[in-house]
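**Q** Structure: target.cif, mmCIF, C-alpha atoms.
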data_input
loop_
_atom_site.label_atom_id
_atom_site.label_comp_id
_atom_site.auth_asym_id
_atom_site.auth_seq_id
_atom_site.Cartn_x
_atom_site.Cartn_y
_atom_site.Cartn_z
CA MET R 1 60.59 63.56 113.78
CA PRO R 2 57.72 66.06 113.73
CA PHE R 3 57.91 69.11 115.97
CA GLU R 4 54.18 68.89 116.69
CA GLN R 5 52.92 65.97 118.73
CA HIS R 6 49.49 64.36 118.91
CA GLN R 7 48.74 61.47 121.24
CA GLU R 8 45.57 59.75 122.37
CA LYS R 9 45.33 57.24 125.22
CA ASN R 10 42.45 55.48 126.93
CA TYR R 11 42.26 54.99 130.68
CA PRO R 12 39.83 52.91 132.75
CA LYS R 13 39.14 55.84 135.09
CA ASP R 14 36.44 58.46 135.52
CA VAL R 15 36.80 61.54 133.27
CA GLN R 16 36.82 63.85 136.29
CA ASP R 17 39.65 61.86 137.93
CA ILE R 18 41.68 61.90 134.72
CA PHE R 19 41.20 65.67 134.40
CA LYS R 20 42.40 66.26 137.98
CA ALA R 21 45.40 63.99 137.38
CA ALA R 22 46.27 65.89 134.18
CA LEU R 23 46.17 69.24 135.99
CA LYS R 24 48.34 67.82 138.76
CA ALA R 25 50.83 66.50 136.17
CA THR R 26 50.97 69.96 134.61
CA GLU R 27 51.68 71.57 137.97
CA ARG R 28 54.36 68.99 138.84
CA LEU R 29 56.17 69.66 135.54
CA GLY R 30 56.12 73.43 136.09
CA GLY R 31 53.49 74.16 133.46
CA LYS R 32 51.32 77.27 133.60
CA VAL R 33 47.67 76.82 132.62
CA ILE R 34 46.73 79.56 130.15
CA SER R 35 43.19 78.45 129.28
CA TYR R 36 40.87 76.26 131.27
CA THR R 37 37.42 74.86 130.48
CA PRO R 38 36.58 72.45 133.30
CA GLU R 39 33.03 71.70 132.10
CA GLN R 40 34.51 70.35 128.83
CA PHE R 41 37.54 68.79 130.58
CA LYS R 42 39.99 70.86 128.50
CA PHE R 43 42.98 73.03 129.25
CA THR R 44 46.04 74.49 127.58
CA ALA R 45 49.34 74.95 129.39
CA ARG R 46 52.77 76.35 128.61
CA PHE R 47 55.89 74.65 129.88
CA PRO R 48 59.26 76.34 130.47
CA LYS R 49 62.61 75.40 128.93
CA VAL R 50 63.74 73.80 132.19
CA ILE R 51 61.56 70.99 133.52
CA LEU R 52 62.52 68.76 136.45
CA GLU R 53 65.93 70.45 136.50
CA LYS R 54 66.57 69.36 132.89
CA THR R 55 67.19 72.01 130.25
CA LEU R 56 65.23 71.05 127.15
CA GLY R 57 66.01 74.08 125.01
CA GLU R 58 62.51 75.28 124.13
CA ARG R 59 59.24 76.18 125.70
CA THR R 60 56.28 73.97 124.85
CA GLU R 61 52.56 74.54 124.61
CA LEU R 62 50.36 71.54 125.38
CA SER R 63 46.59 71.22 124.99
CA CYS R 64 44.82 68.42 126.82
CA GLU R 65 41.23 67.25 126.42
CA ILE R 66 39.62 64.35 128.25
CA ARG R 67 36.67 62.69 126.52
CA ALA R 68 34.27 60.10 127.91
CA ASP R 69 34.97 56.75 126.25
CA GLY R 70 32.77 53.89 127.39
CA GLU R 71 33.67 52.96 130.98
CA GLY R 72 36.65 55.31 131.12
CA GLY R 73 38.13 58.31 129.43
CA MET R 74 40.36 59.16 126.51
CA VAL R 75 43.13 61.73 126.86
CA VAL R 76 43.91 63.73 123.72
CA VAL R 77 47.16 65.69 123.86
CA ASP R 78 48.45 68.12 121.23
CA ALA R 79 51.73 69.96 121.74
CA PHE R 80 54.16 72.16 119.84
CA PRO R 81 57.32 74.20 120.55
CA LEU R 82 57.23 77.93 121.29
CA ASP R 83 59.71 80.69 120.50
CA ALA R 84 61.04 83.17 123.08
CA VAL R 85 57.91 85.35 122.87
CA GLU R 86 55.60 82.32 123.16
CA ARG R 87 54.55 82.06 119.53
CA LYS R 88 54.38 78.75 117.71
CA LEU R 89 57.87 77.86 116.51
CA MET R 90 57.66 77.12 112.77
CA PHE R 91 61.29 76.16 112.13
CA GLY R 92 64.55 75.64 113.97
CA ALA R 93 63.10 73.63 116.84
CA ARG R 94 65.32 71.07 118.54
CA LYS R 95 64.46 67.45 117.83
CA GLY R 96 62.65 65.57 120.54
CA VAL R 97 61.86 68.44 122.92
CA THR R 98 58.10 68.42 122.38
CA LEU R 99 57.98 64.62 122.45
CA THR R 100 59.90 64.65 125.75
CA VAL R 101 57.41 67.05 127.34
CA VAL R 102 54.45 64.96 126.13
CA THR R 103 56.10 61.73 127.35
CA TRP R 104 56.77 63.23 130.79
CA PHE R 105 53.23 64.62 130.95
CA ILE R 106 51.69 61.22 130.16
CA ALA R 107 54.00 59.48 132.68
CA HIS R 108 53.03 61.92 135.45
CA LEU R 109 49.36 61.63 134.50
CA GLU R 110 49.51 57.84 134.72
CA ASN R 111 51.40 58.04 138.02
CA ASN R 112 48.72 60.36 139.42
CA LEU R 113 46.07 57.85 138.34
CA GLY R 114 47.98 55.04 140.06
CA LEU R 115 48.58 53.21 136.78
CA LEU R 116 52.39 53.08 136.80
CA GLN R 117 53.97 49.98 138.21
CA THR R 118 57.03 50.42 140.39
CA LYS R 119 59.71 47.77 140.27
#
So, in terms of C-alpha cells, how does the structure I just supplied come out?
**A**
Amino acid sequence: MPFEQHQEKNYPKDVQDIFKAALKATERLGGKVISYTPEQFKFTARFPKVILEKTLGERTELSCEIRADGEGGMVVVDAFPLDAVERKLMFGARKGVTLTVVTWFIAHLENNLGLLQTK
C-alpha cells in the first residue's frame, strides 16, 4: 500500500459549491489550511495525528484542487504522511493512515454536498 495517495472524483455540482464543501470537510476533520488559492479552487491542509477522536499515528498533508468538468466539477486530492516537524515522511509511515484521512475527507465532502445516502 503506497504511503502517498492520489484520488480524483467527479461531482454533479458547481465548482464553487464543491470548494466550499471541501473547506468545510477540512475544518470538520481538524485540518489547518496552510495555503489557499480560492480563484484557482486549490488549497493545502495539514491534519493532526488525532482526527475525530481517533489516533491515527501520523500527521497528514492533503492538497485539494477542484476543476471544472462539464456540468460539474472534479476533485483532485493528493496526500502524504508528515514527520514530527511537518516534513514529508519518506519511510517508516504506518500503513493506511494517509488513505484513512483521504477516505474521511471524501466522505465529509460528499456529506457536505448532500450526496451521501443515510440508511
**Q** Can you tell me which residues surround R:Met90 at a distance of at most 9 Å, considering all atoms listed in the file, apart from same-chain residues fewer than 5 positions away, and format the answer as a ChimeraX atom specification?
**A** /R:3,81-83
**Q** Write the residues you've just listed into a file as a PDB file, in the frame of the given file, and include C-alpha atoms for each of them.
**A**
ATOM      1  CA  PHE R   3      57.910  69.110 115.970  1.00  0.00           C
ATOM      2  CA  PRO R  81      57.320  74.200 120.550  1.00  0.00           C
ATOM      3  CA  LEU R  82      57.230  77.930 121.290  1.00  0.00           C
ATOM      4  CA  ASP R  83      59.710  80.690 120.500  1.00  0.00           C
TER       5      ASP R  83
END
**Q** Near R:Val50, counting all atoms listed in the file, which residues have an atom at most 12 Å away, once you skip same-chain residues fewer than 4 positions from it, shown as a VMD selection string?
**A** chain R and resid 29 to 31 46 54 to 60 97 100 to 101
**Q** Mind telling me what the PyMOL selection byres ((chain R and resi 63-70) around 7) catches here, as an mmCIF file with C-alpha atoms, in the frame of the given file?
**A**
data_model
loop_
_atom_site.group_PDB
_atom_site.id
_atom_site.type_symbol
_atom_site.label_atom_id
_atom_site.label_comp_id
_atom_site.auth_asym_id
_atom_site.auth_seq_id
_atom_site.Cartn_x
_atom_site.Cartn_y
_atom_site.Cartn_z
ATOM 1 C CA VAL R 15 36.800 61.540 133.270
ATOM 2 C CA PHE R 19 41.200 65.670 134.400
ATOM 3 C CA PHE R 41 37.540 68.790 130.580
ATOM 4 C CA LYS R 42 39.990 70.860 128.500
ATOM 5 C CA PHE R 43 42.980 73.030 129.250
ATOM 6 C CA THR R 44 46.040 74.490 127.580
ATOM 7 C CA ALA R 45 49.340 74.950 129.390
ATOM 8 C CA GLU R 61 52.560 74.540 124.610
ATOM 9 C CA LEU R 62 50.360 71.540 125.380
ATOM 10 C CA GLU R 71 33.670 52.960 130.980
ATOM 11 C CA GLY R 72 36.650 55.310 131.120
ATOM 12 C CA GLY R 73 38.130 58.310 129.430
ATOM 13 C CA MET R 74 40.360 59.160 126.510
ATOM 14 C CA VAL R 75 43.130 61.730 126.860
ATOM 15 C CA VAL R 76 43.910 63.730 123.720
ATOM 16 C CA VAL R 77 47.160 65.690 123.860
ATOM 17 C CA ASP R 78 48.450 68.120 121.230
ATOM 18 C CA ALA R 79 51.730 69.960 121.740
#
**Q** From the options R:Leu52, R:Ile106, R:Leu89, R:Ala84, which residue's atoms come nearest to R:Asn10, counting only C-alpha atoms?
**A** R:Ile106
**Q** Between atom CA of R:Leu23 and atom CA of R:Val85, measure the distance and give it in Å to one decimal.
**A**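 Distance between the two atoms: 23.9 Å.
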**Q** At what distance in Å, to one decimal, does atom CA of R:Val33 lie from atom CA of R:Phe91?
**A** 24.6 Å
**Q** Given all atoms listed in the file as the basis, pick out the residue of R:His108, R:Gln16, R:Thr103, R:Tyr11 nearest to R:Gln40.
**A**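 Nearest to R:Gln40: R:Gln16.
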**Q** What does the structure give for the distance between atom CA of R:Ala22 and atom CA of R:Asn112, in Å to one decimal?
**A**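 Spanning atom CA of R:Ala22 to atom CA of R:Asn112 is a straight-line distance of 8.0 Å.
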**Q** Taking into account only C-alpha atoms, which residue in the set R:Gly96, R:Phe105, R:Lys88, R:Leu115 is nearest to R:Gln7?
**A**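 Smallest distance to R:Gln7 is found for R:Phe105.
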**Q** Which of these residues is nearest to R:Arg94, using all atoms listed in the file: R:Glu4, R:Asn111, R:Asp14, R:Ala21?
**A**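 Ranking R:Glu4, R:Asn111, R:Asp14, R:Ala21 by distance to R:Arg94, first place goes to R:Glu4.
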**Q** Compare R:Ala25, R:Lys95, R:Ile51, R:Arg87 by their minimum atom-to-atom distance to R:Ala107, counting all atoms listed in the file, and give me the closest one.
**A** R:Ala25
